[in-house]
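Trainee: Here you go, model.cif (mmCIF, C-alpha atoms):
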```cif
data_my_file
loop_
_atom_site.label_atom_id
_atom_site.label_comp_id
_atom_site.auth_asym_id
_atom_site.auth_seq_id
_atom_site.Cartn_x
_atom_site.Cartn_y
_atom_site.Cartn_z
CA MET A 25 90.67 139.68 87.36
CA ALA A 26 91.60 137.18 84.64
CA THR A 27 94.03 138.27 81.94
CA GLU A 28 92.54 139.45 78.66
CA GLN A 29 93.41 137.58 75.49
CA LEU A 30 97.06 138.22 74.62
CA LEU A 31 97.64 135.39 72.13
CA ARG A 32 95.32 134.40 69.30
CA THR A 33 96.04 131.09 67.54
CA PRO A 34 94.14 128.70 65.26
CA PHE A 35 93.32 126.70 68.38
CA THR A 36 91.77 129.58 70.33
CA ASP A 37 89.68 130.40 67.25
CA LEU A 38 88.66 126.75 66.77
CA VAL A 39 87.60 126.10 70.35
CA GLY A 40 86.57 129.57 71.47
CA VAL A 41 88.89 129.82 74.48
CA ARG A 42 90.79 132.93 75.48
CA HIS A 43 94.22 131.34 75.92
CA PRO A 44 96.06 128.56 74.02
CA VAL A 45 96.52 126.43 77.14
CA VAL A 46 95.00 122.96 77.61
CA GLN A 47 94.61 121.06 80.89
CA THR A 48 94.90 117.44 79.85
CA GLY A 49 92.48 114.67 80.83
CA MET A 50 94.22 112.89 83.71
CA GLY A 51 92.41 109.91 85.22
CA TRP A 52 91.20 110.58 88.81
CA VAL A 53 92.64 114.13 88.60
CA SER A 54 90.75 116.02 85.89
CA GLY A 55 87.41 116.31 87.65
CA PRO A 56 84.77 119.06 87.56
CA ARG A 57 86.60 121.42 89.94
CA LEU A 58 89.87 121.42 87.99
CA VAL A 59 88.14 121.52 84.59
CA SER A 60 85.87 124.43 85.49
CA GLY A 61 88.77 126.27 87.16
CA THR A 62 90.75 125.99 83.93
CA ALA A 63 87.77 127.00 81.78
CA ASN A 64 86.98 130.05 83.92
CA ALA A 65 90.66 131.09 83.65
CA GLY A 66 90.38 131.07 79.85
CA GLY A 67 92.03 127.74 79.06
CA LEU A 68 90.54 124.47 77.86
CA GLY A 69 89.79 122.09 80.71
CA ILE A 70 89.28 118.43 79.81
CA LEU A 71 87.33 115.96 81.95
CA ALA A 72 88.91 112.51 82.23
CA SER A 73 86.12 110.00 81.64
CA ALA A 74 88.03 106.70 81.41
CA THR A 75 87.78 106.25 85.18
CA MET A 76 84.04 107.12 85.26
CA THR A 77 80.95 105.09 84.53
CA ILE A 78 78.74 106.67 81.90
CA GLN A 79 76.37 107.82 84.66
CA GLU A 80 79.24 109.43 86.57
CA LEU A 81 80.39 111.12 83.38
CA GLU A 82 76.98 112.69 82.82
CA ARG A 83 76.89 113.97 86.41
CA ALA A 84 80.40 115.41 85.99
CA ILE A 85 79.46 117.18 82.74
CA VAL A 86 76.38 118.69 84.40
CA GLU A 87 78.52 119.84 87.34
CA VAL A 88 81.07 121.51 85.07
CA LYS A 89 78.28 123.29 83.20
CA GLY A 90 76.96 124.52 86.54
CA ARG A 91 80.39 125.94 87.43
CA THR A 92 81.28 127.62 84.11
CA ASP A 93 79.73 128.92 80.90
CA GLN A 94 83.04 128.56 79.05
CA PRO A 95 84.01 125.78 76.56
CA PHE A 96 85.42 122.56 77.97
CA GLY A 97 86.20 119.06 76.73
CA VAL A 98 85.89 115.40 77.66
CA ASN A 99 88.60 112.79 77.13
CA LEU A 100 87.30 109.45 75.87
CA ARG A 101 88.71 105.99 75.33
CA ALA A 102 88.23 105.34 71.63
CA ASP A 103 88.49 101.58 72.18
CA ALA A 104 85.87 101.44 74.95
CA ALA A 105 82.83 99.30 74.19
CA ASP A 106 80.49 102.18 75.10
CA ALA A 107 82.41 104.90 73.23
CA PRO A 108 79.46 105.66 70.89
CA ASP A 109 77.13 106.09 73.90
CA ARG A 110 79.59 108.46 75.54
CA CYS A 111 79.86 110.45 72.32
CA ARG A 112 76.08 110.77 72.23
CA LEU A 113 76.25 112.08 75.81
CA LEU A 114 78.65 114.83 74.70
CA ILE A 115 76.30 115.73 71.86
CA GLU A 116 73.29 115.84 74.18
CA HIS A 117 75.01 118.20 76.62
CA GLY A 118 76.71 120.43 74.05
CA VAL A 119 80.30 119.69 75.12
CA LYS A 120 82.70 121.65 72.91
CA VAL A 121 85.66 119.25 72.55
CA ALA A 122 86.06 115.48 72.40
CA SER A 123 89.64 114.40 73.00
CA PHE A 124 90.84 110.82 72.61
CA ALA A 125 93.86 108.96 73.98
CA LEU A 126 93.82 106.78 70.85
CA ALA A 127 92.58 107.38 67.32
CA PRO A 128 88.77 107.23 67.22
CA LYS A 129 87.08 105.41 64.36
CA PRO A 130 86.10 107.58 61.36
CA GLU A 131 82.41 107.06 62.08
CA LEU A 132 82.82 108.43 65.62
CA ILE A 133 84.64 111.49 64.27
CA ALA A 134 81.89 112.04 61.70
CA MET A 135 79.15 111.74 64.32
CA LEU A 136 80.78 114.29 66.62
CA LYS A 137 81.64 116.75 63.85
CA GLU A 138 78.08 116.59 62.54
CA HIS A 139 77.00 118.14 65.83
CA GLY A 140 79.72 120.78 65.93
CA ILE A 141 82.00 119.06 68.44
CA VAL A 142 85.73 119.62 67.95
CA VAL A 143 87.59 116.30 67.69
CA MET A 144 91.16 116.27 69.06
CA PRO A 145 92.93 112.89 69.32
CA SER A 146 96.29 112.50 71.06
CA ILE A 147 98.96 111.00 68.84
CA GLY A 148 102.54 109.88 69.24
CA ALA A 149 103.85 109.93 65.68
CA ALA A 150 103.49 111.98 62.50
CA LYS A 151 101.92 109.07 60.60
CA HIS A 152 99.16 108.83 63.20
CA ALA A 153 98.50 112.56 62.88
CA VAL A 154 98.17 112.19 59.11
CA LYS A 155 95.72 109.31 59.57
CA VAL A 156 93.36 111.08 61.96
CA ALA A 157 93.55 114.31 59.96
CA SER A 158 92.47 112.38 56.85
CA TRP A 159 89.51 111.04 58.86
CA GLY A 160 88.40 114.57 59.76
CA ALA A 161 90.02 115.34 63.12
CA ASP A 162 90.01 119.08 63.80
CA ALA A 163 93.24 119.19 65.84
CA VAL A 164 95.75 116.85 67.44
CA MET A 165 97.66 116.81 70.70
CA VAL A 166 101.20 115.45 70.50
CA GLN A 167 102.98 114.36 73.69
CA GLY A 168 106.71 113.80 73.78
CA GLY A 169 108.54 111.43 76.07
CA GLU A 170 108.88 114.03 78.84
CA GLY A 171 105.17 113.75 79.59
CA GLY A 172 103.53 111.81 82.40
CA GLY A 173 101.35 108.73 82.15
CA HIS A 174 101.52 106.69 78.96
CA THR A 175 104.26 108.10 76.83
CA GLY A 176 106.64 107.34 73.99
CA PRO A 177 110.44 107.53 73.74
CA VAL A 178 110.75 110.57 71.41
CA PRO A 179 111.19 113.99 73.09
CA THR A 180 108.76 116.79 72.28
CA THR A 181 111.47 118.89 70.59
CA LEU A 182 111.84 116.20 67.91
CA LEU A 183 108.29 114.86 67.75
CA LEU A 184 106.56 118.24 67.46
CA PRO A 185 108.24 119.52 64.27
CA THR A 186 107.69 116.22 62.47
CA VAL A 187 103.97 116.40 63.22
CA LEU A 188 103.76 120.06 62.25
CA ASP A 189 105.38 119.23 58.92
CA ALA A 190 102.92 116.39 58.33
CA VAL A 191 99.52 118.04 58.94
CA GLY A 192 97.81 121.37 58.40
CA ILE A 193 95.42 121.25 61.36
CA PRO A 194 96.14 122.88 64.75
CA VAL A 195 98.68 120.97 66.83
CA ILE A 196 98.81 121.17 70.63
CA ALA A 197 102.24 120.40 72.06
CA ALA A 198 102.42 118.43 75.33
CA GLY A 199 105.21 116.87 77.35
CA GLY A 200 107.62 119.09 79.24
CA PHE A 201 105.59 122.33 79.43
CA PHE A 202 105.03 124.29 82.63
CA ASP A 203 105.56 128.03 82.02
CA GLY A 204 105.30 130.92 79.57
CA ARG A 205 108.70 130.28 78.04
CA GLY A 206 107.52 126.83 77.00
CA LEU A 207 104.35 128.24 75.47
CA ALA A 208 106.37 130.84 73.55
CA ALA A 209 108.73 128.11 72.32
CA ALA A 210 105.84 125.88 71.20
CA LEU A 211 104.20 128.74 69.32
CA SER A 212 107.55 129.53 67.68
CA TYR A 213 107.76 125.95 66.47
CA GLY A 214 104.35 126.43 64.87
CA ALA A 215 102.12 124.78 67.47
CA ALA A 216 98.77 126.38 68.26
CA GLY A 217 99.02 125.88 72.03
CA VAL A 218 100.35 123.69 74.82
CA GLY A 219 98.87 120.89 76.91
CA MET A 220 99.92 120.38 80.51
CA GLY A 221 99.09 117.64 83.00
CA THR A 222 101.48 117.63 85.95
CA ARG A 223 101.50 121.43 86.13
CA PHE A 224 97.68 121.46 86.51
CA LEU A 225 97.75 118.53 88.96
CA LEU A 226 99.89 120.79 91.14
CA THR A 227 97.37 123.62 91.52
CA ARG A 228 95.03 124.54 94.34
CA ASP A 229 92.06 123.63 92.11
CA SER A 230 93.28 120.04 91.82
CA ALA A 231 91.49 117.58 94.13
CA VAL A 232 94.64 115.48 94.66
CA PRO A 233 95.32 115.19 98.42
CA ASP A 234 97.62 117.91 99.77
CA ALA A 235 100.04 115.34 101.22
CA VAL A 236 100.46 113.83 97.74
CA LYS A 237 100.99 117.27 96.20
CA ARG A 238 103.75 117.92 98.74
CA LEU A 239 105.37 114.64 97.71
CA TYR A 240 105.40 115.83 94.09
CA LEU A 241 106.86 119.22 95.06
CA GLU A 242 109.76 117.53 96.85
CA ARG A 243 110.88 115.65 93.72
CA GLY A 244 113.75 116.53 91.38
CA LEU A 245 114.31 116.19 87.66
CA THR A 246 115.60 112.62 87.96
CA ASP A 247 112.82 111.39 90.27
CA THR A 248 110.53 109.97 87.57
CA VAL A 249 110.85 106.66 85.79
CA VAL A 250 109.25 105.04 82.75
CA THR A 251 108.08 101.53 83.52
CA ALA A 252 105.97 98.91 81.77
CA LYS A 253 105.42 96.90 84.96
CA VAL A 254 102.09 98.57 85.85
CA ASP A 255 99.99 97.81 82.79
CA GLY A 256 102.44 96.47 80.24
CA MET A 257 102.81 99.79 78.39
CA PRO A 258 105.44 102.53 78.98
CA HIS A 259 104.16 104.74 81.79
CA ARG A 260 106.06 107.68 83.36
CA MET A 261 105.51 108.09 87.09
CA LEU A 262 107.19 109.23 90.26
CA ARG A 263 109.97 106.97 91.48
CA THR A 264 108.55 105.60 94.75
CA ASP A 265 109.26 102.54 96.90
CA LEU A 266 106.26 100.81 95.32
CA VAL A 267 107.46 101.52 91.77
CA GLU A 268 110.95 100.28 92.63
CA GLU A 269 109.37 97.12 94.03
CA LEU A 270 107.26 96.62 90.89
CA GLU A 271 110.36 97.00 88.75
CA GLU A 272 112.07 94.19 90.65
CA THR A 273 109.07 91.86 91.14
CA SER A 274 108.46 88.92 88.81
CA ALA A 275 105.27 88.56 86.78
CA VAL A 276 104.24 85.58 88.91
CA ARG A 277 104.44 87.59 92.14
CA ARG A 278 102.46 90.45 90.57
CA MET A 279 99.66 88.08 89.50
CA GLY A 280 97.79 88.03 92.83
CA PRO A 281 97.65 91.82 93.36
CA THR A 282 96.79 92.26 89.67
CA LEU A 283 93.77 89.96 89.98
CA ARG A 284 92.55 91.76 93.11
CA ARG A 285 92.78 95.16 91.40
CA THR A 286 91.01 93.81 88.30
CA LEU A 287 88.09 92.68 90.47
CA GLU A 288 88.06 96.06 92.21
CA PHE A 289 88.06 97.83 88.83
CA LYS A 290 85.13 95.68 87.69
CA ARG A 291 83.15 96.69 90.79
CA THR A 292 84.06 100.37 90.49
CA SER A 293 83.33 100.65 86.77
CA GLY A 294 80.10 98.66 86.98
CA MET A 295 81.21 96.66 83.93
CA SER A 296 80.05 93.09 83.41
CA TRP A 297 82.56 90.34 82.63
CA PRO A 298 81.44 90.24 78.96
CA ALA A 299 81.90 94.03 78.68
CA LEU A 300 85.31 93.81 80.36
CA LEU A 301 86.38 91.06 77.98
CA LYS A 302 85.06 93.00 74.98
CA ASP A 303 87.08 96.04 76.09
CA GLY A 304 90.13 93.80 76.35
CA ARG A 305 89.65 92.47 72.83
CA GLU A 306 89.26 96.02 71.48
CA MET A 307 92.38 97.09 73.37
CA ARG A 308 94.33 94.18 71.92
CA LYS A 309 93.10 95.02 68.40
CA ALA A 310 93.66 98.79 68.65
CA GLN A 311 96.92 98.83 70.60
CA GLY A 312 98.46 95.48 69.74
CA ARG A 313 98.72 94.51 73.40
CA THR A 314 99.69 90.99 74.35
CA LEU A 315 97.45 88.83 76.55
CA GLY A 316 99.77 89.57 79.48
CA GLN A 317 99.52 93.31 78.92
CA MET A 318 95.75 93.10 78.72
CA ALA A 319 95.68 91.28 82.04
CA LEU A 320 97.61 94.15 83.60
CA ALA A 321 95.48 96.90 82.00
CA ALA A 322 92.82 97.05 84.73
CA ASN A 323 95.68 97.44 87.24
CA THR A 324 96.34 101.02 86.21
CA PRO A 325 93.10 102.81 87.17
CA MET A 326 93.03 101.30 90.64
CA MET A 327 96.71 101.90 91.38
CA LEU A 328 96.35 105.51 90.22
CA LYS A 329 93.24 105.91 92.36
CA ALA A 330 95.05 104.61 95.44
CA GLY A 331 97.79 107.19 94.99
CA LEU A 332 96.01 110.21 93.50
CA VAL A 333 92.62 109.98 95.23
CA GLU A 334 93.19 108.03 98.44
CA GLY A 335 96.72 109.32 99.01
CA ASP A 336 98.07 105.82 99.72
CA THR A 337 101.47 105.88 98.04
CA SER A 338 102.33 102.47 99.48
CA ALA A 339 99.58 100.87 97.34
CA GLY A 340 99.31 103.35 94.49
CA VAL A 341 101.32 104.90 91.70
CA LEU A 342 101.67 108.59 90.86
CA ALA A 343 101.79 109.49 87.18
CA SER A 344 104.10 112.43 86.54
CA GLY A 345 105.91 114.29 83.81
CA GLN A 346 109.57 115.22 84.14
CA VAL A 347 108.56 118.84 84.78
CA VAL A 348 107.78 117.83 88.36
CA GLY A 349 111.43 118.62 89.12
CA VAL A 350 111.03 122.32 88.30
CA ILE A 351 107.64 122.99 89.93
CA ASP A 352 107.71 124.49 93.41
CA ASP A 353 104.30 126.07 94.05
CA LEU A 354 100.54 125.50 94.03
CA PRO A 355 98.82 128.40 92.24
CA THR A 356 95.14 128.50 91.30
CA CYS A 357 94.35 127.72 87.66
CA GLU A 358 93.71 131.42 87.08
CA GLU A 359 97.05 132.46 88.57
CA LEU A 360 98.86 129.77 86.59
CA ILE A 361 97.32 130.54 83.20
CA ASP A 362 97.60 134.30 83.66
CA ARG A 363 101.32 134.15 84.36
CA ILE A 364 101.94 131.65 81.55
CA VAL A 365 100.27 133.71 78.82
CA THR A 366 101.71 137.00 80.14
CA ARG A 367 105.26 135.59 80.13
CA ALA A 368 104.76 133.99 76.72
CA ALA A 369 103.62 137.29 75.21
CA GLU A 370 106.65 139.03 76.74
CA GLU A 371 109.04 136.43 75.34
CA LEU A 372 107.53 136.60 71.86
CA ARG A 373 107.79 140.41 71.86
CA ARG A 374 111.41 140.16 73.01
CA ALA A 375 112.23 137.60 70.32
CA ARG A 376 110.80 139.94 67.72
CA GLY A 377 113.78 142.18 68.41
CA TYR A 378 116.12 139.55 66.98
CA VAL A 379 114.62 139.93 63.51
CA VAL A 380 116.67 142.25 61.24
#
```
What would the structure in this file look like if it were written as structure tokens?

Mentor:
Amino acid sequence: MATEQLLRTPFTDLVGVRHPVVQTGMGWVSGPRLVSGTANAGGLGILASATMTIQELERAIVEVKGRTDQPFGVNLRADAADAPDRCRLLIEHGVKVASFALAPKPELIAMLKEHGIVVMPSIGAAKHAVKVASWGADAVMVQGGEGGGHTGPVPTTLLLPTVLDAVGIPVIAAGGFFDGRGLAAALSYGAAGVGMGTRFLLTRDSAVPDAVKRLYLERGLTDTVVTAKVDGMPHRMLRTDLVEELEETSAVRRMGPTLRRTLEFKRTSGMSWPALLKDGREMRKAQGRTLGQMALAANTPMMLKAGLVEGDTSAGVLASGQVVGVIDDLPTCEELIDRIVTRAAEELRRARGYVV
């Protein structure tokens, strides 16, 4: 039986979940099974929609709703050409939370909030938190450099307090969290919960191939690397032979494979060339990417799919946080969340004894 609520925070009140634990929206990983498993365990599961067509997203939302009656969220690309259409889809289906990898435009925030949807952008600096809070965001997720996927250079222990000092809305701490001690520490800082990616990837509810999960479990604390050679932006992933090769390969030699993956991404996403180019222009405007970085951007989804869905580590990359080096099991989402919140409550009670 799932653990009763042991910790009440501004985030649990805002979203209506039992536990202040968020499963982040990982491309190709955060599908209906993982999201519903997290939701049924009392946490907030977030569907990753950036790797889905809008039709696939609607089917995934319907599937999650068929698996759980608990709140869940959808992660959206704020700079996608069809972002407004995807937001309308969330409204139509009554999704509780809209999370964004980049700051959504004020008009998108207003549209979602008008229909009671909680807006939670991910940010990497205090000034960005201030900006989205002034636009009406209900909460923010802040990921330090320990996290997997796209990440920044500042560790969570330094980034989190600066964000907490800057805004008065609930802050979810991500990057480096995997157990109840981390949740207790985040709450002691003043955060309203924690977000975890790699820890949820390594659960029995995750659809990642078992052989790939075993590869993750074999890795140590120094077996991840941050590289910009995949899509031109800093990206933390497992150190594999392919990643080592990418690090050493020139841009000219990467051009051919990059073009092939771009064509594959176009076919998979169903996007037309004009839509793909429009997305690229928006990405350049929102993120300040160079033309070379934009050319690499479509690389990422297909390389992640090869590794995380197809299990082909010779042709794919495996996004990972540094916590991979301290994870050694594959619990269900329920087992994971139960032990995290139970341990966190124990640690907070113990710490209370230090107060004189």

Trainee: For Gln167 in chain A, which residue out of A:Ala74, A:Leu225, A:Gly345, A:Asp336 is the nearest one, using only C-alpha atoms?

Mentor: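 Looking only at the distances to Gln167 in chain A, the closest residue turns out to be A:Gly345.
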
Trainee: Name the residues in contact with range 140-143 of chain A at a cut-off of 10 Å, using only C-alpha atoms, excluding same-chain residues fewer than 5 positions from it; report them as JSON, numbers by chain.

Mentor: {"A": [38, 39, 97, 111, 114, 115, 118, 119, 120, 121, 122, 123, 124, 128, 132, 133, 134, 135, 156, 157, 160, 161, 162, 163, 164]}

Trainee: When you count only C-alpha atoms, which of these residues is closest to Glu269 in chain A: A:Met326, A:Ile147, A:Ala26, A:Val341?

Mentor: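 The shortest atom-to-atom distance to Glu269 in chain A comes from A:Val341.
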
Trainee: What lies within 12 Å of Val53 in chain A using all atoms listed in the file, ignoring chain neighbours under 4 positions off, as a PyMOL selection string?

Mentor: chain A and resi 47-49+57-59+69-76+221-227+229-233+237+325+328-334+342-344

Trainee: Using all atoms listed in the file, find the one residue out of A:Ala369, A:Leu136, A:Met144, A:Ala150 that sits nearest to Gly219 in chain A.

Mentor: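 Distance minimum relative to Gly219 in chain A lands on A:Met144.
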